[in-house]
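Data block for entry.txt (compact mmCIF, C-alpha atoms):
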# COMPACT_ATOMS: atom_id res chain seq x y z
CA MET A 1 113.82 18.94 35.38
CA LYS A 2 111.84 19.11 38.60
CA LYS A 3 108.27 20.20 38.09
CA LEU A 4 107.20 23.34 39.90
CA SER A 5 104.33 23.62 42.29
CA ILE A 6 102.96 27.15 42.44
CA ILE A 7 99.77 26.27 40.57
CA ALA A 8 99.48 22.63 41.64
CA ALA A 9 97.22 23.45 44.57
CA CYS A 10 95.08 25.67 42.40
CA VAL A 11 94.69 22.99 39.74
CA ALA A 12 93.75 20.43 42.39
CA LEU A 13 90.81 22.54 43.54
CA ILE A 14 89.94 24.32 40.33
CA GLY A 15 88.17 21.25 38.99
CA LEU A 16 85.81 21.33 41.94
CA LEU A 17 85.09 25.03 41.57
CA GLY A 18 85.10 25.46 37.81
CA GLY A 19 81.94 26.34 35.98
CA CYS A 20 80.53 24.63 32.94
CA GLY A 21 78.04 25.57 30.28
CA SER A 22 77.60 26.39 26.62
CA ASN A 23 79.01 29.91 27.03
CA PHE A 24 82.18 28.84 28.79
CA ASP A 25 85.01 31.39 28.39
CA ALA A 26 88.11 29.19 28.25
CA SER A 27 90.47 32.11 27.64
CA GLY A 28 89.08 34.04 30.60
CA TYR A 29 89.20 30.91 32.72
CA VAL A 30 92.91 30.39 32.06
CA LYS A 31 93.67 34.06 32.67
CA ALA A 32 91.80 33.94 35.97
CA LEU A 33 93.82 30.91 37.03
CA LEU A 34 97.17 32.43 36.06
CA ASP A 35 96.44 35.86 37.52
CA ASN A 36 95.48 34.34 40.84
CA SER A 37 98.46 31.97 40.91
CA TYR A 38 101.15 34.50 39.97
CA LYS A 39 99.80 38.00 40.54
CA ASN A 40 97.69 37.23 43.61
CA ASP A 41 94.89 38.93 41.67
CA SER A 42 91.56 37.21 42.21
CA THR A 43 89.44 39.74 40.29
CA GLN A 44 88.60 37.50 37.35
CA PHE A 45 88.69 34.37 39.50
CA VAL A 46 85.82 35.79 41.54
CA SER A 47 83.93 37.52 38.71
CA MET A 48 83.79 34.27 36.71
CA LYS A 49 82.53 32.53 39.87
CA ILE A 50 85.37 30.02 39.84
CA GLY A 51 85.62 30.56 43.58
CA THR A 52 85.35 33.13 46.33
CA ALA A 53 87.99 35.71 47.24
CA ASP A 54 88.85 33.68 50.34
CA GLU A 55 89.25 30.50 48.29
CA ALA A 56 91.41 32.35 45.76
CA SER A 57 93.64 33.72 48.54
CA LYS A 58 94.02 30.27 50.08
CA LEU A 59 95.00 28.77 46.73
CA TYR A 60 97.60 31.47 46.13
CA GLU A 61 99.12 31.08 49.60
CA GLU A 62 99.25 27.29 49.33
CA GLY A 63 100.94 27.47 45.94
CA LEU A 64 103.50 30.00 47.17
CA ASP A 65 104.18 27.93 50.28
CA SER A 66 104.80 24.85 48.13
CA GLU A 67 107.21 26.71 45.86
CA VAL A 68 109.21 28.19 48.73
CA SER A 69 109.31 24.84 50.51
CA ALA A 70 110.69 23.17 47.37
CA MET A 71 113.37 25.84 46.98
CA VAL A 72 114.38 25.74 50.67
CA SER A 73 114.59 21.93 50.57
CA SER A 74 116.84 22.06 47.51
CA MET A 75 119.27 24.30 49.40
CA GLY A 76 119.98 21.55 51.92
CA TYR A 77 120.04 23.95 54.88
CA SER A 78 117.96 24.28 58.01
CA VAL A 79 116.19 27.60 57.52
CA SER A 80 114.75 29.69 60.34
CA ASP A 81 111.15 30.90 60.19
CA GLU A 82 112.39 34.47 59.69
CA GLN A 83 114.67 33.50 56.81
CA GLU A 84 111.96 31.44 55.15
CA GLN A 85 109.56 34.37 55.40
CA ALA A 86 112.16 36.66 53.82
CA ILE A 87 112.65 34.21 50.94
CA ARG A 88 108.87 33.90 50.61
CA GLU A 89 108.49 37.65 50.17
CA VAL A 90 111.12 37.66 47.42
CA PHE A 91 109.43 34.74 45.67
CA ALA A 92 106.08 36.52 45.77
CA LYS A 93 107.70 39.44 43.92
CA ILE A 94 109.31 37.09 41.41
CA LEU A 95 105.99 35.40 40.65
CA ALA A 96 104.24 38.75 40.35
CA GLY A 97 106.77 39.68 37.66
CA ALA A 98 105.71 36.83 35.38
CA LYS A 99 104.98 38.11 31.87
CA TYR A 100 102.23 36.39 29.92
CA THR A 101 99.28 37.28 27.72
CA VAL A 102 96.36 34.90 27.36
CA GLY A 103 95.12 34.78 23.79
CA GLU A 104 92.18 33.25 22.01
CA ALA A 105 90.69 29.86 22.76
CA GLU A 106 89.88 27.39 20.00
CA LYS A 107 87.17 24.84 20.64
CA GLN A 108 88.05 21.31 19.57
CA ASP A 109 85.81 18.60 18.12
CA ASP A 110 85.85 16.74 21.43
CA GLY A 111 84.53 19.79 23.31
CA SER A 112 87.85 20.79 24.83
CA TYR A 113 89.52 24.17 24.28
CA VAL A 114 93.10 25.01 23.34
CA VAL A 115 94.15 28.39 24.73
CA THR A 116 97.22 30.17 23.36
CA VAL A 117 99.49 31.92 25.86
CA THR A 118 102.31 34.28 24.87
CA TYR A 119 105.04 34.63 27.48
CA GLU A 120 108.47 36.15 28.06
CA GLN A 121 110.79 34.08 30.24
CA MET A 122 112.13 35.92 33.28
CA GLU A 123 115.90 35.50 33.46
CA ILE A 124 116.16 35.56 37.24
CA PHE A 125 117.68 32.36 38.60
CA GLY A 126 120.67 32.04 36.26
CA PRO A 127 122.05 35.51 37.01
CA ALA A 128 121.17 35.16 40.70
CA ILE A 129 123.04 31.88 41.03
CA ASP A 130 126.12 33.40 39.39
CA ASP A 131 126.03 36.36 41.80
CA TYR A 132 125.38 34.02 44.71
CA MET A 133 128.50 32.00 43.96
CA ASP A 134 130.51 35.23 43.84
CA GLU A 135 129.04 36.24 47.20
CA ILE A 136 129.95 32.88 48.73
CA MET A 137 133.53 33.18 47.48
CA GLU A 138 133.85 36.64 49.02
CA MET A 139 132.25 35.43 52.22
CA GLN A 140 134.69 32.54 52.49
CA ALA A 141 137.62 34.88 51.99
CA GLY A 142 136.47 36.97 54.93
CA LEU A 143 135.88 34.15 57.42
CA THR A 144 137.85 34.08 60.64
CA GLY A 145 137.42 30.38 61.31
CA GLU A 146 135.53 31.09 64.52
CA GLU A 147 132.10 31.08 62.95
CA THR A 148 129.69 28.34 64.00
CA ASN A 149 127.97 26.14 61.45
CA ASP A 150 124.65 27.83 62.22
CA GLU A 151 126.22 31.22 61.55
CA LEU A 152 127.67 30.04 58.24
CA VAL A 153 124.31 28.62 57.16
CA ALA A 154 122.55 31.86 58.11
CA MET A 155 125.08 33.87 56.11
CA ALA A 156 124.61 31.65 53.05
CA ILE A 157 120.82 31.87 53.19
CA ASP A 158 120.85 35.62 53.67
CA ALA A 159 123.20 35.95 50.70
CA PHE A 160 120.87 33.84 48.55
CA LYS A 161 117.86 35.95 49.47
CA ASP A 162 119.76 39.18 48.86
CA VAL A 163 121.02 38.22 45.40
CA LEU A 164 117.51 37.16 44.34
CA ASP A 165 116.18 40.52 45.48
CA GLU A 166 118.97 42.45 43.77
CA THR A 167 118.65 40.49 40.52
CA LEU A 168 114.90 41.04 40.50
CA ALA A 169 115.40 44.81 40.71
CA ASN A 170 117.11 44.73 37.29
CA VAL A 171 115.65 41.58 35.82
CA SER A 172 115.55 40.97 32.08
CA TYR A 173 113.23 38.88 29.93
CA ALA A 174 113.76 36.68 26.89
CA ASP A 175 111.98 37.23 23.58
CA PRO A 176 108.25 36.36 23.45
CA GLU A 177 107.24 32.79 22.73
CA THR A 178 103.95 30.94 22.69
CA THR A 179 102.54 27.79 24.22
CA THR A 180 99.09 26.30 24.66
CA ILE A 181 96.95 25.14 27.55
CA THR A 182 94.21 22.60 26.99
CA VAL A 183 91.02 22.90 29.01
CA GLU A 184 88.97 19.72 29.03
CA LEU A 185 85.48 18.89 30.19
CA ILE A 186 86.00 16.17 32.80
CA ASP A 187 82.97 14.86 34.71
CA LYS A 188 81.01 17.89 33.46
CA VAL A 189 83.59 20.31 34.84
CA TYR A 190 86.11 22.31 32.78
CA THR A 191 89.62 21.49 33.99
CA PRO A 192 93.00 22.80 32.73
CA ASP A 193 95.62 20.24 31.79
CA GLN A 194 98.13 20.09 34.63
CA ASN A 195 101.07 19.18 32.42
CA ASP A 196 100.39 22.20 30.23
CA LEU A 197 100.35 24.45 33.30
CA TYR A 198 103.58 22.95 34.61
CA ASP A 199 105.20 23.42 31.20
CA LEU A 200 104.10 27.05 31.13
CA GLU A 201 105.60 27.70 34.54
CA ALA A 202 108.86 26.09 33.51
CA SER A 203 108.86 28.50 30.58
CA LEU A 204 107.96 31.63 32.56
CA PHE A 205 111.15 31.42 34.66
CA ASP A 206 114.67 30.12 33.92
CA ILE A 207 114.16 27.48 36.58
CA ASP A 208 116.49 25.04 34.75
CA SER A 209 119.31 27.13 36.24
CA VAL A 210 118.34 25.81 39.67
CA TYR A 211 117.01 22.26 39.16
Could you rewrite the structure in this file as structure tokens?
Amino acid sequence: MKKLSIIAACVALIGLLGGCGSNFDASGYVKALLDNSYKNDSTQFVSMKIGTADEASKLYEEGLDSEVSAMVSSMGYSVSDEQEQAIREVFAKILAGAKYTVGEAEKQDDGSYVVTVTYEQMEIFGPAIDDYMDEIMEMQAGLTGEETNDELVAMAIDAFKDVLDETLANVSYADPETTTITVELIDKVYTPDQNDLYDLEASLFDIDSVY
């Protein structure tokens, strides 16, 4: 499965911005990271002095850009700026719908922390792909044969964006499950394990339906 990228940019910079000290709140730290990455909510990110509001906004935008770019590339089409922006807006809503609760942090003997996260997987991409294939079949049945390749591509991309939006309006979630994120002290800076964050994102959305 292809790893996702929405929090990769945040993780890359978080190690530079993260605080350290004997009263480190690992649970709050993870929540701040997730809230900023998915909800575009920098409240805790700023209050814990992980970074400024401007830095938080930049991290969120970079992560969203990376995710949209990966999805557009996987489609194999040349997408216009307007279409990419429309897909980006849908993806922002999908990410904002992520369901997770950050639980307690347990300090380990080596000084690291293991933070428990309870999540409910959003069942968005599987249903959307099914509806998208239905839309494509209907679209093909209505073609006149005079459409240009650019017009066909535009129709396919618009259909993909529309089914994502429609599926999101009535999205369902799987039963709650739990995972953990390890936060380690690396070079005197607390840093979340990237693989744990990637695994969480793969669990938050049914992305296996796409990749």
> So which one's closest to A:Leu200, A:Thr116, A:Thr148, A:Asn170, A:Thr43? Using only C-alpha atoms, please.
Replying inline: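 Among A:Thr116, A:Thr148, A:Asn170, A:Thr43, it is A:Thr116 that comes nearest to A:Leu200.
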> So what do you get for atom CA of A:Thr182 versus atom CA of A:Leu197, distance-wise?
Replying inline: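 Interatomic distance here is 9.0 Å.
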>> Could you list, as JSON, numbers by chain, every residue within 8 Å of stretch 162-164 of chain A, counting all atoms listed in the file and ignoring same-chain residues fewer than 2 positions away?
In response: {"A": [90, 124, 125, 128, 129, 131, 132, 158, 159, 160, 166, 167, 168]}
> Around (99.3, 33.5, 29.6) in the file's own coordinates, what residues are found within 12 Å if you use only C-alpha atoms, given back as JSON, numbers by chain?
Replying inline: {"A": [27, 28, 29, 30, 31, 32, 33, 34, 35, 36, 37, 38, 39, 98, 99, 100, 101, 102, 103, 104, 105, 115, 116, 117, 118, 119, 120, 121, 176, 177, 178, 179, 180, 181, 196, 197, 199, 200, 201, 203, 204]}
> So what do you get for atom CA of A:Ser112 versus atom CA of A:Thr52, distance-wise?
Replying inline: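 Rounded to one decimal, the two atoms are 24.9 Å apart.
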Take every atom of stretch 90-103 of chain A listed in the file, pad by 3 Å on each side, and give me the axis-aligned box centre and edge lengths in Å, one decimal, as JSON.
{"center_x": 103.1, "center_y": 37.2, "center_z": 35.6, "size_x": 22.0, "size_y": 10.9, "size_z": 29.6}
>> So the first atom is atom CA of A:Val171 and the second is atom CA of A:Ala56; what is the distance between them in Å, to one decimal place?
In response: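 These two atoms are separated by 27.8 Å.
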>> Restricting the calculation to all atoms listed in the file: of A:Met139, A:Gly63, A:Pro127, A:Tyr113, which residue gets closest to A:Tyr190?
In response: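 For A:Tyr190, the nearest of the given residues is A:Tyr113.
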Test item: write stretch 147-172 of chain A with C-alpha atoms as a CSV table (one decimal), in the first residue's frame:
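This is the output file out05.csv:
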chain,number,residue,atom,x,y,z
A,147,GLU,CA,-15.9,14.7,-27.8
A,148,THR,CA,-12.2,15.6,-27.7
A,149,ASN,CA,-9.8,13.8,-25.4
A,150,ASP,CA,-9.5,16.9,-23.3
A,151,GLU,CA,-13.3,17.0,-22.9
A,152,LEU,CA,-13.4,13.3,-21.9
A,153,VAL,CA,-10.7,13.8,-19.3
A,154,ALA,CA,-12.5,16.9,-17.9
A,155,MET,CA,-15.7,14.9,-17.6
A,156,ALA,CA,-14.0,12.0,-15.8
A,157,ILE,CA,-12.3,14.3,-13.3
A,158,ASP,CA,-15.4,16.3,-12.6
A,159,ALA,CA,-17.3,13.0,-12.1
A,160,PHE,CA,-14.6,11.8,-9.6
A,161,LYS,CA,-14.8,15.1,-7.6
A,162,ASP,CA,-18.6,15.0,-7.6
A,163,VAL,CA,-18.8,11.4,-6.3
A,164,LEU,CA,-16.3,12.1,-3.5
A,165,ASP,CA,-18.4,15.1,-2.5
A,166,GLU,CA,-21.6,13.2,-2.6
A,167,THR,CA,-20.2,10.2,-0.7
A,168,LEU,CA,-18.8,12.5,2.0
A,169,ALA,CA,-22.3,14.0,2.5
A,170,ASN,CA,-23.5,10.6,3.7
A,171,VAL,CA,-20.3,9.0,4.8
A,172,SER,CA,-20.2,6.2,7.3
